[in-house]
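**Student:** Quick one, coords_12.csv (CSV, C-alpha atoms):
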```
chain,number,residue,atom,x,y,z
A,1,MET,CA,-56.9,-51.3,3.2
A,2,SER,CA,-54.0,-53.5,2.2
A,3,PRO,CA,-54.4,-54.8,-1.3
A,4,LYS,CA,-52.9,-58.1,-0.4
A,5,THR,CA,-54.5,-58.9,2.9
A,6,GLY,CA,-57.7,-56.9,2.6
A,7,ARG,CA,-57.0,-55.4,6.0
A,8,PRO,CA,-56.7,-51.7,6.9
A,9,SER,CA,-53.2,-50.3,6.7
A,10,TYR,CA,-53.1,-49.7,10.5
A,11,LEU,CA,-53.4,-53.5,10.8
A,12,LEU,CA,-50.2,-54.1,8.8
A,13,ASP,CA,-47.5,-56.1,10.3
A,14,PRO,CA,-45.1,-54.2,12.6
A,15,PRO,CA,-42.2,-54.5,10.2
A,16,ALA,CA,-44.2,-52.9,7.4
A,17,ARG,CA,-45.3,-50.0,9.6
A,18,LYS,CA,-41.7,-49.4,10.8
A,19,ALA,CA,-40.4,-49.3,7.2
A,20,SER,CA,-43.1,-46.8,6.3
A,21,ALA,CA,-42.3,-44.6,9.3
A,22,ARG,CA,-38.6,-44.7,8.5
A,23,ALA,CA,-39.3,-43.6,4.9
A,24,ARG,CA,-41.4,-40.6,6.1
A,25,LEU,CA,-38.7,-39.6,8.6
A,26,LEU,CA,-35.9,-39.8,6.0
A,27,ALA,CA,-37.9,-37.7,3.6
A,28,GLY,CA,-38.5,-35.1,6.4
A,29,ILE,CA,-34.8,-35.0,7.2
A,30,VAL,CA,-33.8,-34.5,3.6
A,31,ALA,CA,-36.4,-31.7,3.2
A,32,ALA,CA,-35.2,-30.0,6.3
A,33,ALA,CA,-31.5,-30.2,5.2
A,34,LEU,CA,-32.3,-28.7,1.9
A,35,ALA,CA,-34.3,-25.9,3.5
A,36,THR,CA,-31.6,-25.2,6.0
A,37,GLY,CA,-28.9,-25.1,3.3
A,38,LEU,CA,-30.9,-22.8,1.1
A,39,LEU,CA,-31.6,-20.5,4.1
A,40,GLY,CA,-27.9,-20.5,5.1
A,41,GLY,CA,-26.9,-19.6,1.6
A,42,LEU,CA,-29.3,-16.7,1.5
A,43,ILE,CA,-28.1,-15.4,4.9
A,44,GLY,CA,-24.4,-15.8,3.9
A,45,TYR,CA,-25.0,-13.9,0.6
A,46,SER,CA,-26.9,-11.1,2.5
A,47,VAL,CA,-24.2,-10.8,5.1
A,48,GLY,CA,-21.2,-11.0,2.7
A,49,ARG,CA,-22.5,-8.5,0.2
A,50,PRO,CA,-21.5,-4.9,1.0
A,51,SER,CA,-24.3,-2.4,1.5
A,52,GLU,CA,-24.9,0.4,-0.9
A,53,ALA,CA,-23.6,2.9,1.7
A,54,GLU,CA,-20.4,0.8,2.1
A,55,ALA,CA,-19.9,0.5,-1.6
A,56,SER,CA,-20.4,4.3,-2.0
A,57,ILE,CA,-17.7,4.9,0.7
A,58,VAL,CA,-15.2,2.6,-1.2
A,59,ARG,CA,-15.9,4.5,-4.4
A,60,LEU,CA,-15.3,7.9,-2.8
A,61,GLN,CA,-12.0,6.7,-1.2
A,62,LYS,CA,-10.8,5.4,-4.5
A,63,ALA,CA,-11.6,8.7,-6.2
A,64,GLU,CA,-9.9,10.7,-3.5
A,65,ALA,CA,-6.8,8.5,-3.7
A,66,GLU,CA,-6.6,9.0,-7.5
A,67,ARG,CA,-7.2,12.7,-7.2
A,68,ASP,CA,-4.4,13.0,-4.6
A,69,VAL,CA,-1.9,11.2,-6.8
A,70,GLN,CA,-2.7,13.7,-9.6
A,71,GLN,CA,-2.2,16.6,-7.1
A,72,ILE,CA,1.1,15.2,-6.0
A,73,ILE,CA,2.3,15.0,-9.6
A,74,GLU,CA,1.2,18.5,-10.4
A,75,LEU,CA,2.7,19.9,-7.1
A,76,THR,CA,6.0,18.2,-7.8
A,77,ASP,CA,6.2,19.8,-11.2
A,78,LEU,CA,5.3,23.2,-9.8
A,79,ALA,CA,8.0,22.8,-7.2
A,80,HIS,CA,10.6,21.9,-9.8
A,81,ARG,CA,9.8,24.9,-12.0
A,82,THR,CA,9.6,27.3,-9.0
A,83,GLY,CA,12.8,26.1,-7.5
A,84,ASP,CA,14.7,26.6,-10.8
A,85,GLU,CA,13.7,30.3,-10.7
A,86,LEU,CA,14.0,30.8,-7.0
A,87,SER,CA,17.5,29.2,-6.4
A,88,PRO,CA,19.5,31.8,-8.4
A,89,ILE,CA,17.8,34.7,-6.7
A,90,LEU,CA,18.5,33.5,-3.2
A,91,THR,CA,22.0,32.4,-4.1
A,92,ALA,CA,22.8,35.9,-5.4
A,93,LEU,CA,21.2,37.5,-2.4
A,94,ARG,CA,23.4,35.5,0.0
A,95,GLN,CA,26.5,36.3,-2.1
A,96,ALA,CA,25.7,40.0,-2.0
A,97,SER,CA,25.4,39.9,1.8
A,98,ASP,CA,28.7,38.0,2.1
A,99,ALA,CA,30.4,40.6,-0.1
A,100,GLY,CA,28.7,43.5,1.8
A,101,ARG,CA,27.7,45.0,-1.5
A,102,PRO,CA,24.0,45.3,-2.7
A,103,PRO,CA,23.1,44.4,-6.3
A,104,GLU,CA,22.1,46.9,-8.8
A,105,ALA,CA,18.6,48.4,-8.4
A,106,ALA,CA,17.4,47.2,-11.8
A,107,GLN,CA,18.4,43.7,-10.9
A,108,VAL,CA,16.6,43.7,-7.6
A,109,GLY,CA,13.5,45.2,-9.3
A,110,GLN,CA,13.5,42.3,-11.8
A,111,TRP,CA,13.8,39.8,-8.8
A,112,GLN,CA,10.8,41.5,-7.2
A,113,GLN,CA,8.8,41.0,-10.3
A,114,THR,CA,9.8,37.3,-10.5
A,115,MET,CA,8.9,36.8,-6.8
A,116,ARG,CA,5.4,38.2,-7.4
A,117,GLN,CA,4.9,35.7,-10.2
A,118,LEU,CA,6.2,32.8,-8.1
A,119,THR,CA,3.9,33.8,-5.2
A,120,ALA,CA,0.9,34.0,-7.5
A,121,ARG,CA,1.5,30.3,-8.6
A,122,PHE,CA,0.5,29.2,-5.1
A,123,ALA,CA,-2.6,31.4,-4.8
A,124,ASP,CA,-6.0,29.6,-4.4
A,125,PRO,CA,-4.6,26.1,-3.9
A,126,PRO,CA,-6.8,23.1,-4.3
A,127,SER,CA,-7.8,21.0,-1.3
A,128,GLY,CA,-6.1,17.7,-1.0
A,129,THR,CA,-5.2,15.3,1.7
A,130,THR,CA,-3.5,16.6,4.9
A,131,ALA,CA,-0.1,15.3,3.8
A,132,THR,CA,-0.3,17.0,0.4
A,133,ASN,CA,-1.7,20.2,1.9
A,134,VAL,CA,1.3,20.3,4.3
A,135,ALA,CA,3.8,20.1,1.5
A,136,ARG,CA,2.0,22.7,-0.6
A,137,GLY,CA,1.7,25.0,2.4
A,138,GLY,CA,5.3,24.7,3.2
A,139,LEU,CA,6.4,25.5,-0.3
A,140,ARG,CA,4.1,28.5,-0.4
A,141,SER,CA,5.4,29.8,2.9
A,142,ALA,CA,9.0,29.5,1.6
A,143,VAL,CA,8.2,31.5,-1.5
A,144,GLU,CA,6.5,34.2,0.5
A,145,GLN,CA,9.4,34.4,2.9
A,146,ALA,CA,11.8,34.7,-0.1
A,147,ALA,CA,9.7,37.5,-1.5
A,148,ILE,CA,10.0,39.4,1.8
A,149,ALA,CA,13.8,38.9,1.7
A,150,VAL,CA,13.9,40.4,-1.8
A,151,ASP,CA,11.8,43.3,-0.6
A,152,SER,CA,14.2,43.9,2.3
A,153,LEU,CA,17.1,43.8,-0.2
A,154,ALA,CA,15.3,46.5,-2.2
A,155,LEU,CA,15.2,48.7,0.8
A,156,ALA,CA,18.9,48.3,1.3
A,157,VAL,CA,19.5,49.1,-2.4
A,158,ALA,CA,17.3,52.2,-2.2
A,159,ALA,CA,19.3,53.4,0.8
A,160,ASN,CA,22.5,52.6,-1.0
A,161,ALA,CA,23.8,51.1,2.2
A,162,ALA,CA,25.3,47.7,3.0
A,163,ASP,CA,23.9,47.9,6.5
A,164,GLU,CA,21.7,45.7,8.7
A,165,ARG,CA,19.0,45.7,6.0
A,166,LEU,CA,21.2,43.7,3.7
A,167,ALA,CA,22.0,41.3,6.6
A,168,LEU,CA,18.3,41.0,7.4
A,169,ALA,CA,17.5,40.2,3.8
A,170,ALA,CA,20.1,37.4,3.9
A,171,ARG,CA,18.7,36.0,7.1
A,172,GLN,CA,15.2,36.0,5.6
A,173,ALA,CA,16.5,34.2,2.6
A,174,ALA,CA,18.1,31.6,4.8
A,175,VAL,CA,14.8,31.0,6.5
A,176,ALA,CA,13.1,30.6,3.1
A,177,VAL,CA,15.6,28.0,2.1
A,178,THR,CA,15.1,26.1,5.4
A,179,THR,CA,11.3,26.2,5.1
A,180,TRP,CA,11.5,25.0,1.5
A,181,SER,CA,13.8,22.1,2.5
A,182,VAL,CA,11.2,20.9,5.1
A,183,ALA,CA,8.4,21.1,2.5
A,184,ALA,CA,10.6,19.4,-0.1
A,185,THR,CA,11.3,16.5,2.3
A,186,GLN,CA,7.5,16.1,2.9
A,187,LEU,CA,6.9,16.2,-0.9
A,188,ASP,CA,9.5,13.5,-1.4
A,189,GLN,CA,7.8,11.3,1.1
A,190,ILE,CA,4.3,11.7,-0.3
A,191,ASN,CA,5.6,10.9,-3.7
A,192,ILE,CA,7.0,7.6,-2.3
A,193,ASP,CA,3.7,6.8,-0.6
A,194,ALA,CA,1.9,7.5,-3.9
A,195,GLY,CA,4.1,5.1,-5.8
A,196,GLN,CA,6.0,7.8,-7.7
A,197,GLY,CA,9.4,7.1,-6.1
A,198,HIS,CA,11.8,9.7,-4.8
A,199,GLN,CA,11.3,13.2,-6.1
A,200,HIS,CA,13.9,15.8,-4.9
A,201,VAL,CA,13.0,19.5,-5.3
A,202,HIS,CA,15.4,21.0,-2.8
A,203,LEU,CA,16.8,24.4,-3.7
A,204,ASP,CA,20.4,24.6,-5.0
A,205,THR,CA,21.6,27.6,-3.1
A,206,GLY,CA,24.7,26.3,-1.3
A,207,GLY,CA,22.7,25.3,1.7
A,208,ALA,CA,21.6,27.2,4.8
A,209,ASP,CA,22.0,26.5,8.5
A,210,GLY,CA,19.3,24.0,9.6
A,211,ALA,CA,18.2,23.2,6.0
A,212,LEU,CA,17.4,19.6,5.2
A,213,THR,CA,19.1,18.0,2.2
A,214,PRO,CA,18.1,15.4,-0.3
A,215,ASP,CA,18.6,11.8,0.8
A,216,GLY,CA,20.7,10.8,-2.2
A,217,ALA,CA,18.3,8.2,-3.5
A,218,ALA,CA,17.8,7.9,-7.2
A,219,GLU,CA,14.9,9.9,-8.7
A,220,GLY,CA,11.8,7.9,-9.3
A,221,HIS,CA,13.1,4.9,-7.4
A,222,GLY,CA,12.9,3.4,-4.0
A,223,GLY,CA,10.5,3.7,-1.1
```
Write the structure described by the file as structure tokens, please.
**Tutor:**
Amino acid sequence: MSPKTGRPSYLLDPPARKASARARLLAGIVAAALATGLLGGLIGYSVGRPSEAEASIVRLQKAEAERDVQQIIELTDLAHRTGDELSPILTALRQASDAGRPPEAAQVGQWQQTMRQLTARFADPPSGTTATNVARGGLRSAVEQAAIAVDSLALAVAANAADERLALAARQAAVAVTTWSVAATQLDQINIDAGQGHQHVHLDTGGADGALTPDGAAEGHGG
């Protein structure tokens, strides 16, 4: 009932009914827009937020990366210390072969003891990434080959003969140097990849046929 005319609302003039309809339509549109925006926001939040499984994978990857960097640092230090002790032995072995004269038995016995200690350093290695494992495995293989070379030298000394056994020991030593150079190059690369810069741990033995050499970049710099 219209308060002004005393007539029912459905008998209102057409303009009044149209205005009322437009108001209701506008209110419906506003309500729908608000609902749609809220729903879209909720959907976007749900889609954009990583799941717990995805977050867990990210955390594991970060922990693995940090662990690998630490392994690279420790392996580089081990390679430096081992190389400092290994280089003089292999250099002396090569020189003995070139001269055709085996070293004294006491000296060779001391080298054998040192090689056992160096080999033990690479026993029970930790598990790392493939690239780090390759570098570690190469260094270990080189040390083991060098130990075999010294044992061959000991046989030549025991026989008191500068024969093929002395030459064999020198060849085994050269293989050890070459194997070490490949592993050292790999170690240099993974140091660069880990943000540590160049790290050169190549043996100082005067070189060997086929051995890789350092690239000449400054230690700790470059990529």
**Student:** Taking all atoms listed in the file into account, name the residue in A:Gly222, A:Gly128, A:Gly83, A:Pro103 that is nearest to A:Gly195.
**Tutor:**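 Result for the nearest residue to A:Gly195: A:Gly222.
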**Student:** Closest to A:Glu64 among A:Thr185, A:Ser152, A:Gln112, A:Thr129, using only C-alpha atoms?
**Tutor:** A:Thr129
**Student:** Please determine, counting all atoms listed in the file, which residue among A:Gly206, A:Ser181, A:Asp151, A:Leu78 has the shortest atom-to-atom distance to A:Ala92.
**Tutor:**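 Result for the nearest residue to A:Ala92: A:Gly206.
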**Student:** Just to confirm, what's the straight-line distance from atom CA of A:Ser97 to atom CA of A:Arg140 in Å (one decimal)?
**Tutor:**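 Atom CA of A:Arg140 lies at a distance of 24.3 Å from atom CA of A:Ser97.
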**Student:** Which residue, A:Ala218, A:Ala131, A:Ala170, A:Ala161, has the smallest gap to A:Gln145 when you use all atoms listed in the file?
**Tutor:**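 Once distances to A:Gln145 are computed over all atoms listed in the file, the minimum belongs to A:Ala170.
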**Student:** So what do you get for atom CA of A:Asp77 versus atom CA of A:Gly207, distance-wise?
**Tutor:** 21.7 Å
**Student:** Rank nothing, just name the residue among A:Asp188, A:Asp124, A:Asp163, A:Asp98 nearest to A:Ile73, using only C-alpha atoms.
**Tutor:**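 Closest to A:Ile73 of all the choices is A:Asp188.
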**Student:** Please compute the atom CA of A:Val108-atom CA of A:Pro214 distance, one decimal, in Å.
**Tutor:**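 If I compute the distance from atom CA of A:Val108 to atom CA of A:Pro214, I get 29.3 Å.
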**Student:** Need the shell around A:Thr178: protein/DNA/RNA residues with any atom at most 12 Å away, counting only C-alpha atoms. Skip same-chain ones fewer than 2 positions apart. Format as a PyMOL selection string?
**Tutor:** chain A and resi 90+138-139+141-143+145-146+171-176+180-185+202-213
**Student:** Which of these residues is nearest to A:Ala65, using only C-alpha atoms: A:Asp193, A:Asp84, A:Glu52, A:Glu164?
**Tutor:**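 Closest to A:Ala65 of all the choices is A:Asp193.
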**Student:** Residues at most 7 Å from A:Ala194, counting only C-alpha atoms, excluding those fewer than 3 positions away in the same chain, as a ChimeraX atom specification?
**Tutor:** /A:69,190-191
**Student:** Would you kindly identify which residues have an atom no farther than 7 Å from (-8.0, 18.0, -3.6), using only C-alpha atoms and the file's own coordinates, and write them out as JSON, numbers by chain?
**Tutor:** {"A": [67, 68, 71, 126, 127, 128, 129]}
**Student:** Which residues, written as number ranges by chain, have at least one atom at most 12 Å from A:Arg116, with all atoms listed in the file counted and residues fewer than 5 positions away on the same chain left out?
**Tutor:** A: 82, 85-86, 109-111, 121-123, 143-148, 150-151
**Student:** Take the residues from that selection and write them out as an mmCIF file, in the coordinates of the input, keeping C-alpha atoms.
**Tutor:**
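See part.cif below for the written result:
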```cif
data_model
loop_
_atom_site.group_PDB
_atom_site.id
_atom_site.type_symbol
_atom_site.label_atom_id
_atom_site.label_comp_id
_atom_site.auth_asym_id
_atom_site.auth_seq_id
_atom_site.Cartn_x
_atom_site.Cartn_y
_atom_site.Cartn_z
ATOM 1 C CA THR A 82 9.600 27.300 -9.000
ATOM 2 C CA GLU A 85 13.700 30.300 -10.700
ATOM 3 C CA LEU A 86 14.000 30.800 -7.000
ATOM 4 C CA GLY A 109 13.500 45.200 -9.300
ATOM 5 C CA GLN A 110 13.500 42.300 -11.800
ATOM 6 C CA TRP A 111 13.800 39.800 -8.800
ATOM 7 C CA ARG A 121 1.500 30.300 -8.600
ATOM 8 C CA PHE A 122 0.500 29.200 -5.100
ATOM 9 C CA ALA A 123 -2.600 31.400 -4.800
ATOM 10 C CA VAL A 143 8.200 31.500 -1.500
ATOM 11 C CA GLU A 144 6.500 34.200 0.500
ATOM 12 C CA GLN A 145 9.400 34.400 2.900
ATOM 13 C CA ALA A 146 11.800 34.700 -0.100
ATOM 14 C CA ALA A 147 9.700 37.500 -1.500
ATOM 15 C CA ILE A 148 10.000 39.400 1.800
ATOM 16 C CA VAL A 150 13.900 40.400 -1.800
ATOM 17 C CA ASP A 151 11.800 43.300 -0.600
#
```
**Student:** Taking 6 positions as the minimum chain separation for residues in the same chain, which residues sit within 6 Å of A:His198 when counting only C-alpha atoms? Answer as a PyMOL selection string.
**Tutor:** chain A and resi 188+192+219-221
